[in-house]
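Written out below as structure tokens is the structure these notes cover.
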Amino acid sequence: MLFGAFNVNNMEIIQAIVDAAGEEHSPVILQASSSAIKYARVGYLKKMVEAALEEHDILIALHLDHGPDFETCKMCVDNGFSSVMIDASKYDFEENVALTKQVVDYAHSKGVVVEAELGTLAGVEDEVNVAEDDARYTNPRQAKEFVERTGCDSLAIAIGTSHGAYKFKGEAKLRFDILEKVKELIPNTPIVLHGASTVIPELVELCNQYGGNIPGAKGVPDEILREASLRGVSKINVDTDLRLAMTGAIRKVLTEDPSVFDPRKYMTPARDLIKKTVQHKIRDVFGSSNMA
């Protein structure tokens, strides 16, 4: 079973995602990075998700994306997050194991599940910034040892995706051989794919048409994401596509009518386009409609 995990930063993004999931009768994961928490504040995020739960009769999880340290993970656990991710992939294997195990022990004592990461994705997203030369694929045998030693509940692996809008210079290609070997060795551990936005061409074009400067942006095609699902990926993260939708819609309104200064006039179409984007993901890519 595959679920989409959509990054949130403000009220309009949360509303768009849960409205889309509600109409599709789909469970949904709302995830906030440490940068999003600094921007929106943890209490506001929590209350907005509580409001979403009151409006919609679907399963909604609140997840910490790319938690950089134990303290951030602990704060989210203590504030009622459903799950947390500790991303210690920048450290060597033993340091990653030790920090992940520390988070797992605390989170599990509070009934919260933990996602970890092994292998390093290239690209830029919030506080994650990894040069292409420093990216490395996940070693399947290390993945088995890592899960056994840390007790993490799910594992994000590196098979060729990258953060941000510029994921591939040529043809998009993922290392499905690595994914298959990982699933063979840890068949009961859900696998997560980060850096997997499609970078929808129409949204890139919309941004550029109305004054944006995003040349050559390229993401993971929908058909490759569907293939990843069939080969065992359980959770796919989406952030860049939502940013493109919001930015493109806002640019269009402000370009076509420079007299607009009411935020509701440009945030409403932005929210609508994010909702449409999320519905496409749920219905056509993740196939999670009517599962709630």
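Letters for chains follow the order of the structure tokens (A, B, ...), residue numbers begin at 1 for each chain, and ligand numbers begin at 1 in the order shown.
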### Message
So that I can see what lies close to range 226-243 of chain A, please list as number ranges by chain the residues with an atom at most 7 Å from it, counting only C-alpha atoms and leaving out residues fewer than 4 positions away in the same chain.
### Response
A: 1-7, 164-165, 180, 183, 190-200, 222, 247, 274, 285-286
### Task
Find the residues near Ala158 in chain A: any atom within 6 Å, counting only C-alpha atoms, skip ones fewer than 6 places away on the same chain, and give them as a PyMOL selection string.
chain A and resi 119-121+137-138
Produce a file of the selected residues containing C-alpha atoms, as a CSV table (one decimal), in the first residue's frame.
chain,number,residue,atom,x,y,z
A,119,GLY,CA,22.2,6.8,2.0
A,120,THR,CA,22.4,10.4,0.9
A,121,LEU,CA,20.2,12.2,-1.6
A,137,TYR,CA,23.3,5.0,-2.8
A,138,THR,CA,22.0,2.9,0.0
Please produce, as JSON lines, a per-residue contact table for range 176-280 of chain A versus range 10-14 of chain A (criterion: any atom at most 10 Å away, only C-alpha atoms considered), showing the nearest atom pair and its distance in Å to one decimal, sorted by chain then residue number.
{"residue": "A:Leu242", "atom": "CA", "partner": "A:Ile13", "partner_atom": "CA", "distance": 8.0}
{"residue": "A:Arg243", "atom": "CA", "partner": "A:Ile13", "partner_atom": "CA", "distance": 9.3}
{"residue": "A:Met246", "atom": "CA", "partner": "A:Ile13", "partner_atom": "CA", "distance": 8.4}
{"residue": "A:Met267", "atom": "CA", "partner": "A:Glu12", "partner_atom": "CA", "distance": 7.3}
{"residue": "A:Thr268", "atom": "CA", "partner": "A:Glu12", "partner_atom": "CA", "distance": 8.0}
{"residue": "A:Ala270", "atom": "CA", "partner": "A:Glu12", "partner_atom": "CA", "distance": 8.1}
{"residue": "A:Arg271", "atom": "CA", "partner": "A:Glu12", "partner_atom": "CA", "distance": 5.6}
{"residue": "A:Asp272", "atom": "CA", "partner": "A:Glu12", "partner_atom": "CA", "distance": 9.1}
{"residue": "A:Ile274", "atom": "CA", "partner": "A:Ile13", "partner_atom": "CA", "distance": 7.0}
{"residue": "A:Lys275", "atom": "CA", "partner": "A:Ile13", "partner_atom": "CA", "distance": 8.2}
For the residues in that selection, give me C-alpha atoms as a PDB file, in the first residue's frame.
ATOM      1  CA  LEU A 242       3.239  21.970  -4.101  1.00  0.00           C
ATOM      2  CA  ARG A 243       5.667  24.897  -4.066  1.00  0.00           C
ATOM      3  CA  MET A 246       1.442  27.835  -5.117  1.00  0.00           C
ATOM      4  CA  MET A 267      -4.008  32.715  -1.989  1.00  0.00           C
ATOM      5  CA  THR A 268      -7.385  31.259  -3.019  1.00  0.00           C
ATOM      6  CA  ALA A 270      -2.998  29.044  -5.052  1.00  0.00           C
ATOM      7  CA  ARG A 271      -4.886  26.806  -2.643  1.00  0.00           C
ATOM      8  CA  ASP A 272      -7.108  25.561  -5.483  1.00  0.00           C
ATOM      9  CA  ILE A 274      -2.403  22.789  -4.791  1.00  0.00           C
ATOM     10  CA  LYS A 275      -5.625  20.859  -4.178  1.00  0.00           C
TER      11      LYS A 275
END
### Query
Between A:Leu118, A:Ile58, A:Val112, A:Val77, which is the closest to Gly22 in chain A once you count only C-alpha atoms?
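That would be A:Ile58, the residue with the smallest distance to Gly22 in chain A.
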### Query
Using only C-alpha atoms, which residues sit within 12 Å of Leu254 in chain A once same-chain residues fewer than 4 positions away are excluded, as a PyMOL selection string?
chain A and resi 207+210-211+247-250+258-267+269-270
Take the selection from the previous step and output its residues with C-alpha atoms, as a PDB file, in the first residue's frame.
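Contents of result17.pdb, as written:
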ATOM      1  CA  CYS A 207       5.830  29.840 -13.079  1.00  0.00           C
ATOM      2  CA  TYR A 210       4.528  34.743 -15.308  1.00  0.00           C
ATOM      3  CA  GLY A 211       8.040  35.928 -14.505  1.00  0.00           C
ATOM      4  CA  THR A 247       4.077  30.041  -6.714  1.00  0.00           C
ATOM      5  CA  GLY A 248       2.683  29.689 -10.239  1.00  0.00           C
ATOM      6  CA  ALA A 249      -0.861  30.538  -9.188  1.00  0.00           C
ATOM      7  CA  ILE A 250       0.237  33.581  -7.189  1.00  0.00           C
ATOM      8  CA  PRO A 258      -0.954  44.265 -10.574  1.00  0.00           C
ATOM      9  CA  SER A 259      -3.595  46.198  -8.638  1.00  0.00           C
ATOM     10  CA  VAL A 260      -4.361  43.140  -6.452  1.00  0.00           C
ATOM     11  CA  PHE A 261      -3.125  43.500  -2.883  1.00  0.00           C
ATOM     12  CA  ASP A 262      -5.700  41.412  -1.008  1.00  0.00           C
ATOM     13  CA  PRO A 263      -3.957  38.127  -0.041  1.00  0.00           C
ATOM     14  CA  ARG A 264      -7.229  36.255  -0.377  1.00  0.00           C
ATOM     15  CA  LYS A 265      -7.320  37.157  -4.070  1.00  0.00           C
ATOM     16  CA  TYR A 266      -4.082  35.280  -4.798  1.00  0.00           C
ATOM     17  CA  MET A 267      -4.008  32.715  -1.989  1.00  0.00           C
ATOM     18  CA  PRO A 269      -6.286  30.239  -6.545  1.00  0.00           C
ATOM     19  CA  ALA A 270      -2.998  29.044  -5.052  1.00  0.00           C
TER      20      ALA A 270
END
### Message
With only C-alpha atoms as the counted atoms, please give the residues lying no more than 12 Å from Thr189 in chain A, apart from itself and same-chain residues fewer than 4 positions off, as a list in words.
### Response
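My reading of the contact set: Val114, Glu115, Ala116, Ala143, Lys144, Phe146, Val147, Glu148, Gly151, Cys152, Asp153, Ser154, Leu155, Ala156, Ile157, Val182, Lys183, Glu184, Leu185, Gly232, Val233, Ser234 and Lys235 of chain A.
Nearest residue to Leu99 in chain A among A:Thr150, A:Ser162, A:Ser82, A:Gln15 is A:Thr150, counting only C-alpha atoms.
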### Query
For Tyr91 in chain A, which residue out of A:Glu55, A:Glu117, A:Glu223, A:Glu50 is the nearest one, using only C-alpha atoms?
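Closest residue, counting only C-alpha atoms: A:Glu117.
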### Message
Set the distance at 12 Å and use only C-alpha atoms: which residues neighbour Ile60 in chain A once local chain neighbours fewer than 5 positions away are removed? I'd like the list as JSON, numbers by chain.
### Response
{"A": [3, 4, 5, 6, 14, 17, 18, 19, 21, 22, 25, 26, 27, 28, 29, 30, 31, 46, 48, 49, 50, 51, 52, 53, 54, 55, 81, 82, 83, 292]}
Which of range 5-71 of chain A fall in alpha helix (DSSP H), as a PDB file with N, CA and C atoms, in the first residue's frame:
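The resulting file, states09.pdb, is reproduced below:
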ATOM      1  N   MET A  11      -1.512  27.537   6.466  1.00  0.00           N
ATOM      2  CA  MET A  11      -2.897  27.102   6.498  1.00  0.00           C
ATOM      3  C   MET A  11      -3.406  26.686   5.125  1.00  0.00           C
ATOM      4  N   GLU A  12      -3.122  27.495   4.114  1.00  0.00           N
ATOM      5  CA  GLU A  12      -3.664  27.211   2.779  1.00  0.00           C
ATOM      6  C   GLU A  12      -3.170  25.874   2.239  1.00  0.00           C
ATOM      7  N   ILE A  13      -1.910  25.549   2.482  1.00  0.00           N
ATOM      8  CA  ILE A  13      -1.372  24.274   2.008  1.00  0.00           C
ATOM      9  C   ILE A  13      -2.044  23.114   2.736  1.00  0.00           C
ATOM     10  N   ILE A  14      -2.206  23.248   4.043  1.00  0.00           N
ATOM     11  CA  ILE A  14      -2.880  22.197   4.816  1.00  0.00           C
ATOM     12  C   ILE A  14      -4.311  22.016   4.333  1.00  0.00           C
ATOM     13  N   GLN A  15      -5.033  23.120   4.158  1.00  0.00           N
ATOM     14  CA  GLN A  15      -6.415  23.033   3.686  1.00  0.00           C
ATOM     15  C   GLN A  15      -6.495  22.349   2.328  1.00  0.00           C
ATOM     16  N   ALA A  16      -5.616  22.727   1.420  1.00  0.00           N
ATOM     17  CA  ALA A  16      -5.643  22.156   0.068  1.00  0.00           C
ATOM     18  C   ALA A  16      -5.406  20.645   0.103  1.00  0.00           C
ATOM     19  N   ILE A  17      -4.443  20.218   0.892  1.00  0.00           N
ATOM     20  CA  ILE A  17      -4.102  18.796   0.948  1.00  0.00           C
ATOM     21  C   ILE A  17      -5.243  17.986   1.555  1.00  0.00           C
ATOM     22  N   VAL A  18      -5.755  18.434   2.697  1.00  0.00           N
ATOM     23  CA  VAL A  18      -6.794  17.628   3.365  1.00  0.00           C
ATOM     24  C   VAL A  18      -8.127  17.709   2.606  1.00  0.00           C
ATOM     25  N   ASP A  19      -8.407  18.837   1.942  1.00  0.00           N
ATOM     26  CA  ASP A  19      -9.617  18.898   1.112  1.00  0.00           C
ATOM     27  C   ASP A  19      -9.525  17.906  -0.040  1.00  0.00           C
ATOM     28  N   ALA A  20      -8.347  17.824  -0.655  1.00  0.00           N
ATOM     29  CA  ALA A  20      -8.148  16.865  -1.742  1.00  0.00           C
ATOM     30  C   ALA A  20      -8.278  15.435  -1.233  1.00  0.00           C
ATOM     31  N   ALA A  21      -7.629  15.148  -0.106  1.00  0.00           N
ATOM     32  CA  ALA A  21      -7.692  13.797   0.457  1.00  0.00           C
ATOM     33  C   ALA A  21      -9.112  13.448   0.881  1.00  0.00           C
ATOM     34  N   GLY A  22      -9.823  14.452   1.425  1.00  0.00           N
ATOM     35  CA  GLY A  22     -11.201  14.223   1.841  1.00  0.00           C
ATOM     36  C   GLY A  22     -12.094  13.852   0.669  1.00  0.00           C
ATOM     37  N   GLU A  23     -11.963  14.576  -0.417  1.00  0.00           N
ATOM     38  CA  GLU A  23     -12.783  14.283  -1.594  1.00  0.00           C
ATOM     39  C   GLU A  23     -12.425  12.942  -2.223  1.00  0.00           C
ATOM     40  N   GLU A  24     -11.169  12.549  -2.081  1.00  0.00           N
ATOM     41  CA  GLU A  24     -10.732  11.268  -2.640  1.00  0.00           C
ATOM     42  C   GLU A  24     -10.885  10.121  -1.640  1.00  0.00           C
ATOM     43  N   SER A  34      11.914  20.785   9.796  1.00  0.00           N
ATOM     44  CA  SER A  34      12.302  21.665  10.902  1.00  0.00           C
ATOM     45  C   SER A  34      12.228  23.126  10.480  1.00  0.00           C
ATOM     46  N   SER A  35      12.504  23.416   9.202  1.00  0.00           N
ATOM     47  CA  SER A  35      12.387  24.789   8.705  1.00  0.00           C
ATOM     48  C   SER A  35      10.933  25.233   8.682  1.00  0.00           C
ATOM     49  N   ALA A  36      10.034  24.330   8.300  1.00  0.00           N
ATOM     50  CA  ALA A  36       8.603  24.658   8.303  1.00  0.00           C
ATOM     51  C   ALA A  36       8.118  24.922   9.725  1.00  0.00           C
ATOM     52  N   ILE A  37       8.632  24.151  10.678  1.00  0.00           N
ATOM     53  CA  ILE A  37       8.243  24.351  12.076  1.00  0.00           C
ATOM     54  C   ILE A  37       8.750  25.702  12.578  1.00  0.00           C
ATOM     55  N   LYS A  38       9.956  26.068  12.197  1.00  0.00           N
ATOM     56  CA  LYS A  38      10.478  27.387  12.588  1.00  0.00           C
ATOM     57  C   LYS A  38       9.626  28.504  11.988  1.00  0.00           C
ATOM     58  N   TYR A  39       9.162  28.293  10.771  1.00  0.00           N
ATOM     59  CA  TYR A  39       8.361  29.304  10.076  1.00  0.00           C
ATOM     60  C   TYR A  39       6.955  29.396  10.651  1.00  0.00           C
ATOM     61  N   ALA A  40       6.275  28.251  10.739  1.00  0.00           N
ATOM     62  CA  ALA A  40       4.861  28.255  11.121  1.00  0.00           C
ATOM     63  C   ALA A  40       4.642  28.114  12.625  1.00  0.00           C
ATOM     64  N   VAL A  42       5.346  25.222  15.910  1.00  0.00           N
ATOM     65  CA  VAL A  42       4.799  23.887  16.128  1.00  0.00           C
ATOM     66  C   VAL A  42       3.370  23.919  16.652  1.00  0.00           C
ATOM     67  N   GLY A  43       3.052  24.867  17.520  1.00  0.00           N
ATOM     68  CA  GLY A  43       1.704  24.943  18.070  1.00  0.00           C
ATOM     69  C   GLY A  43       0.663  25.266  17.018  1.00  0.00           C
ATOM     70  N   TYR A  44       0.999  26.162  16.103  1.00  0.00           N
ATOM     71  CA  TYR A  44       0.072  26.518  15.025  1.00  0.00           C
ATOM     72  C   TYR A  44      -0.151  25.325  14.100  1.00  0.00           C
ATOM     73  N   LEU A  45       0.922  24.627  13.749  1.00  0.00           N
ATOM     74  CA  LEU A  45       0.792  23.469  12.880  1.00  0.00           C
ATOM     75  C   LEU A  45      -0.113  22.420  13.519  1.00  0.00           C
ATOM     76  N   LYS A  46       0.122  22.175  14.794  1.00  0.00           N
ATOM     77  CA  LYS A  46      -0.670  21.169  15.504  1.00  0.00           C
ATOM     78  C   LYS A  46      -2.153  21.534  15.507  1.00  0.00           C
ATOM     79  N   LYS A  47      -2.467  22.797  15.793  1.00  0.00           N
ATOM     80  CA  LYS A  47      -3.874  23.219  15.863  1.00  0.00           C
ATOM     81  C   LYS A  47      -4.535  23.206  14.488  1.00  0.00           C
ATOM     82  N   MET A  48      -3.793  23.542  13.454  1.00  0.00           N
ATOM     83  CA  MET A  48      -4.366  23.496  12.110  1.00  0.00           C
ATOM     84  C   MET A  48      -4.677  22.062  11.697  1.00  0.00           C
ATOM     85  N   VAL A  49      -3.824  21.133  12.085  1.00  0.00           N
ATOM     86  CA  VAL A  49      -4.094  19.729  11.781  1.00  0.00           C
ATOM     87  C   VAL A  49      -5.289  19.239  12.593  1.00  0.00           C
ATOM     88  N   GLU A  50      -5.410  19.694  13.833  1.00  0.00           N
ATOM     89  CA  GLU A  50      -6.588  19.345  14.634  1.00  0.00           C
ATOM     90  C   GLU A  50      -7.863  19.866  13.971  1.00  0.00           C
ATOM     91  N   ALA A  51      -7.803  21.058  13.402  1.00  0.00           N
ATOM     92  CA  ALA A  51      -8.958  21.607  12.683  1.00  0.00           C
ATOM     93  C   ALA A  51      -9.295  20.743  11.468  1.00  0.00           C
ATOM     94  N   ALA A  52      -8.268  20.279  10.776  1.00  0.00           N
ATOM     95  CA  ALA A  52      -8.482  19.405   9.614  1.00  0.00           C
ATOM     96  C   ALA A  52      -9.164  18.108  10.027  1.00  0.00           C
ATOM     97  N   LEU A  53      -8.770  17.566  11.169  1.00  0.00           N
ATOM     98  CA  LEU A  53      -9.374  16.331  11.664  1.00  0.00           C
ATOM     99  C   LEU A  53     -10.846  16.527  12.005  1.00  0.00           C
ATOM    100  N   GLU A  54     -11.198  17.722  12.457  1.00  0.00           N
ATOM    101  CA  GLU A  54     -12.593  18.012  12.772  1.00  0.00           C
ATOM    102  C   GLU A  54     -13.439  18.143  11.512  1.00  0.00           C
ATOM    103  N   GLU A  55     -12.836  18.586  10.421  1.00  0.00           N
ATOM    104  CA  GLU A  55     -13.564  18.803   9.171  1.00  0.00           C
ATOM    105  C   GLU A  55     -13.712  17.544   8.331  1.00  0.00           C
ATOM    106  N   PHE A  70      18.209  14.958  17.837  1.00  0.00           N
ATOM    107  CA  PHE A  70      17.335  14.342  18.839  1.00  0.00           C
ATOM    108  C   PHE A  70      16.367  15.361  19.423  1.00  0.00           C
ATOM    109  N   GLU A  71      16.846  16.571  19.672  1.00  0.00           N
ATOM    110  CA  GLU A  71      16.022  17.585  20.330  1.00  0.00           C
ATOM    111  C   GLU A  71      14.791  17.940  19.491  1.00  0.00           C
TER     112      GLU A  71
END
### Task
Could you pull out the residues in range 126-259 of chain A that DSSP calls strand (DSSP E) from the backbone, as a VMD selection string?
chain A and resid 128 to 130 154 to 157 162 to 163 191 to 193 233 to 238
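In this model, the gap between CA of Lys281 in chain A and CA of Pro215 in chain A comes to 23.4 Å.
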